[in-house]
Amino acid sequence: QLKLDCSPKAIDAAVKALPRFAALKDISKALRLNFWQHAVYETYARHLLYLFMLDIQEDDPASALANVEVPSNVTSTLLKKQLIGYMGGGAGAGKSAVISALLIFAQLWGRRDTIETMAFTGLASLNVDGNTVHSSRGLETFGFSFSGAESVVRKVRKVYLTIIDEVSMLGQKLCGAAEAVTRYIRDTRLPWGGIHILLAGDFLQLPPVKCVSITRPPNEKNGDTKYSWYLAAYELFQRCNYHVFLTDNMRQKDDTVFQGILERMHWGVNTQADLDLLNRRCLDHPEFDVEHHFAAYTGKVTVEDYFSPMAISTNRNRCGFNIENIYAFAKKEQRCVYEILADSSRVANRVMIQRLKYSDDDFTHKIPFLLTFHTLAMPAMITKRIPELEPVQCIANGTLGFIVGFVHQGSDIACMTPSYIDDDRQFRISINDNVVVVKRFKRNPAYLLFKVRGCKRQLVKKYPVGVVAIPLAAYQAKFKPPNAKKERTMTVWTFPVIPAYAMTPEKLQGVTLDNELYVSTLDNRSPQILYVV
């Protein structure tokens, strides 16, 4: 590894140069894996390779590989009947690199469909080229009942290896439900249906949301009727027969001071000197250029990979900070601000929307009744699964990007910055207290134009690279009106998009930032929050 160029550009070039049926060592070398990363990769790749050989023997008896015999000591001692592994390590230790190596190996050997990757959140699942646990097993969002989808059944029956990333956020109930569905589809009582499995993540990062970690023994006394799910998830983790904890920080390997701070923070033993140094890096950075920072959102410099959020502890503060920044930026750049008011077919719902339109999106479970934005590459985040956009394989709950325009109802013309001029007949126009022109759509647009952060491919014909059209659609908004005792639900037509000048730490887990990160005063809800940020 010391002799190789380890820059992302060099790694990309080495991966593209790999031939079909590349040797295990060549894939490892292309990705610059270190010793323990290679150990995990090769262990799983050899188990897969054995199964690929069995495939060839069954499908093509005339093949040269059909008569290859694997020595008995290999199948009896070196290969496990079911490999159930856990790969841990701090942020930047290279867990994603190992997963990438396995996916590239399967792809080059023509067996990509034999590996499935998944995670609890949509953003984390996209990072490993997979789906959420719910989607991968056809599970209903809250009750976890199985949909019986034929596409899920066909996919699970082909799988040789399941990789679950960010496993610290996977709750027992969800894991147990997915395990039960896997056993049902594979028609076996073996854990996880007998499929090899790799659990990847760091249990010192964020825990499950309102659920129990798979590492903790379940409690039968809590009266939950799905106790068998909790027990199955716990037993699955207890059955791990392969453990590796990656300790070398590869992402910060050239910054030993920051590497030491992260290592101490990981174990919760930071000193005040560590925190003082981090604060000095933020506030007194000699190369920080405020004008250049804001220019990234004006089109004067590229916004393709530019993303620099404020990390804020609470959703309510996040919403307030986002609105404040939208108007501050619009005033600075002398741009207008657009508003989209959610709509409903029911008169009573429309009255409720008018009453609650200024409520923050946390109040409505991330479905804003009033979506406020500008089109000058405003940072934004997708908050719901969008079925129509699943084929592009980069849009999920948590996807980050930039709002760059919209398409009016009944039109196919993209109103995209900076070349279009508004037809003011489409808006109700006002000027707010900050002397910013506010344009509210008389009729909600048909699409929002969203540039996916870091996307290097064209998603829609005739649109710029990375830009996709998010359709106006009906979503369930849950909310609790003022002074009401119960939560209410209603269907509204809107866009599942919220501003992302600020984000909560939970949404930042697993996100790599190439630019500045700003951090507000964090609360002490959990010791993992500081480390994740």
# chains A, B, ... in the order shown; residues from 1 in each chain; ligands from 1
$ select_by_dssp --residues "stretch 169-313 of chain A" --states "alpha helix (DSSP H)" --output "number ranges by chain"
A: 172-186, 227-238, 256-266, 272-283, 290-295
$ residues_around --residues "stretch 187-196 of chain A" --least-positions-apart "5" --cutoff "10 Å" --atoms "only C-alpha atoms" --output "JSON, numbers by chain"
{"A": [44, 47, 48, 80, 81, 82, 83, 84, 85, 115, 156, 157, 158, 159, 160, 161, 162, 163, 175, 176, 178, 179, 180, 181, 182, 232, 233, 235, 236, 237, 239]}
$ residues_around --residues "stretch 210-213 of chain A" --least-positions-apart "3" --cutoff "12 Å" --atoms "only C-alpha atoms" --output "list in words"
Phe142, Glu166, Val167, Ser168, Met169, Leu170, Gly171, Gln172, Lys173, Leu174, Cys175, Gly176, Asp202, Phe203, Leu204, Gln205, Leu206, Pro207, Arg216, Pro217, Pro218, Asn219, Trp229, Tyr230, Leu231, Ala233, Tyr234 and Phe237 of chain A
$ write_last_selection --atoms "N, CA and C atoms" --output "CSV table (one decimal), in the first residue's frame"
chain,number,residue,atom,x,y,z
A,142,PHE,N,-44.2,0.2,10.0
A,142,PHE,CA,-44.2,0.2,11.4
A,142,PHE,C,-44.5,-1.2,12.0
A,166,GLU,N,-24.1,-0.1,8.9
A,166,GLU,CA,-24.6,0.8,10.0
A,166,GLU,C,-25.5,-0.1,11.0
A,167,VAL,N,-25.0,-1.2,11.4
A,167,VAL,CA,-25.8,-2.2,12.1
A,167,VAL,C,-26.2,-1.7,13.5
A,168,SER,N,-25.4,-0.7,14.0
A,168,SER,CA,-25.8,-0.1,15.3
A,168,SER,C,-27.2,0.5,15.4
A,169,MET,N,-27.7,0.9,14.3
A,169,MET,CA,-29.0,1.5,14.2
A,169,MET,C,-30.1,0.5,13.9
A,170,LEU,N,-29.8,-0.7,13.8
A,170,LEU,CA,-30.7,-1.8,13.5
A,170,LEU,C,-31.4,-2.3,14.8
A,171,GLY,N,-32.7,-2.1,14.9
A,171,GLY,CA,-33.4,-2.5,16.1
A,171,GLY,C,-33.7,-4.0,16.1
A,172,GLN,N,-33.9,-4.6,17.3
A,172,GLN,CA,-34.1,-6.0,17.4
A,172,GLN,C,-35.4,-6.4,16.7
A,173,LYS,N,-36.5,-5.6,16.8
A,173,LYS,CA,-37.8,-6.0,16.3
A,173,LYS,C,-37.7,-6.1,14.7
A,174,LEU,N,-37.1,-5.0,14.1
A,174,LEU,CA,-36.9,-5.0,12.7
A,174,LEU,C,-36.0,-6.1,12.2
A,175,CYS,N,-34.9,-6.3,12.9
A,175,CYS,CA,-34.0,-7.4,12.5
A,175,CYS,C,-34.6,-8.8,12.6
A,176,GLY,N,-35.4,-9.0,13.7
A,176,GLY,CA,-36.1,-10.2,13.9
A,176,GLY,C,-37.2,-10.5,12.8
A,202,ASP,N,-20.5,0.2,13.8
A,202,ASP,CA,-19.8,0.6,15.0
A,202,ASP,C,-20.8,0.8,16.1
A,203,PHE,N,-20.9,-0.1,17.1
A,203,PHE,CA,-21.9,0.0,18.2
A,203,PHE,C,-21.6,1.1,19.1
A,204,LEU,N,-20.5,1.9,18.9
A,204,LEU,CA,-20.2,3.1,19.7
A,204,LEU,C,-20.7,4.3,19.0
A,205,GLN,N,-21.4,4.1,17.8
A,205,GLN,CA,-22.1,5.2,17.2
A,205,GLN,C,-23.5,5.2,17.5
A,206,LEU,N,-24.4,5.7,16.7
A,206,LEU,CA,-25.8,6.0,17.2
A,206,LEU,C,-26.6,4.6,17.3
A,207,PRO,N,-27.4,4.5,18.4
A,207,PRO,CA,-28.1,3.3,18.7
A,207,PRO,C,-29.4,3.4,17.9
A,216,ARG,N,-28.3,-6.6,22.9
A,216,ARG,CA,-28.8,-6.7,24.3
A,216,ARG,C,-29.8,-7.9,24.4
A,217,PRO,N,-29.7,-8.7,25.5
A,217,PRO,CA,-30.7,-9.8,25.7
A,217,PRO,C,-32.1,-9.2,25.8
A,218,PRO,N,-33.1,-9.8,25.0
A,218,PRO,CA,-34.5,-9.3,25.1
A,218,PRO,C,-35.1,-9.7,26.4
A,219,ASN,N,-36.2,-8.9,26.7
A,219,ASN,CA,-36.9,-9.1,28.0
A,219,ASN,C,-38.3,-9.6,27.6
A,229,TRP,N,-39.3,-12.4,17.6
A,229,TRP,CA,-38.5,-11.6,16.7
A,229,TRP,C,-37.3,-11.0,17.5
A,230,TYR,N,-37.6,-10.5,18.7
A,230,TYR,CA,-36.5,-9.9,19.5
A,230,TYR,C,-35.4,-11.0,19.8
A,231,LEU,N,-35.9,-12.2,20.1
A,231,LEU,CA,-35.0,-13.3,20.5
A,231,LEU,C,-34.2,-13.7,19.3
A,233,ALA,N,-33.3,-11.9,16.6
A,233,ALA,CA,-32.3,-10.9,16.3
A,233,ALA,C,-31.1,-11.0,17.3
A,234,TYR,N,-31.4,-11.2,18.5
A,234,TYR,CA,-30.3,-11.3,19.5
A,234,TYR,C,-29.5,-12.6,19.3
A,237,PHE,N,-27.0,-12.3,16.3
A,237,PHE,CA,-25.7,-11.7,16.7
A,237,PHE,C,-24.9,-12.6,17.5
$ closest_residue --among "A:Gln409, A:Thr399, A:His38, A:Val492" --to "A:Arg346" --atoms "only C-alpha atoms"
A:Val492
$ select_by_dssp --residues "stretch 303-348 of chain A" --states "strand (DSSP E or B)" --output "JSON, numbers by chain"
{"A": [310, 311, 337, 338, 339, 340, 341, 343]}
$ residues_around --residues "A:Arg350" --least-positions-apart "4" --cutoff "12 Å" --atoms "only C-alpha atoms" --output "list in words"
Leu341, Ala342, Asp343, Ser344, Ser345, Arg346, Gln354, Arg355, Leu356, Lys357, Phe369, Met490, Thr491, Val492 and Trp493 of chain A
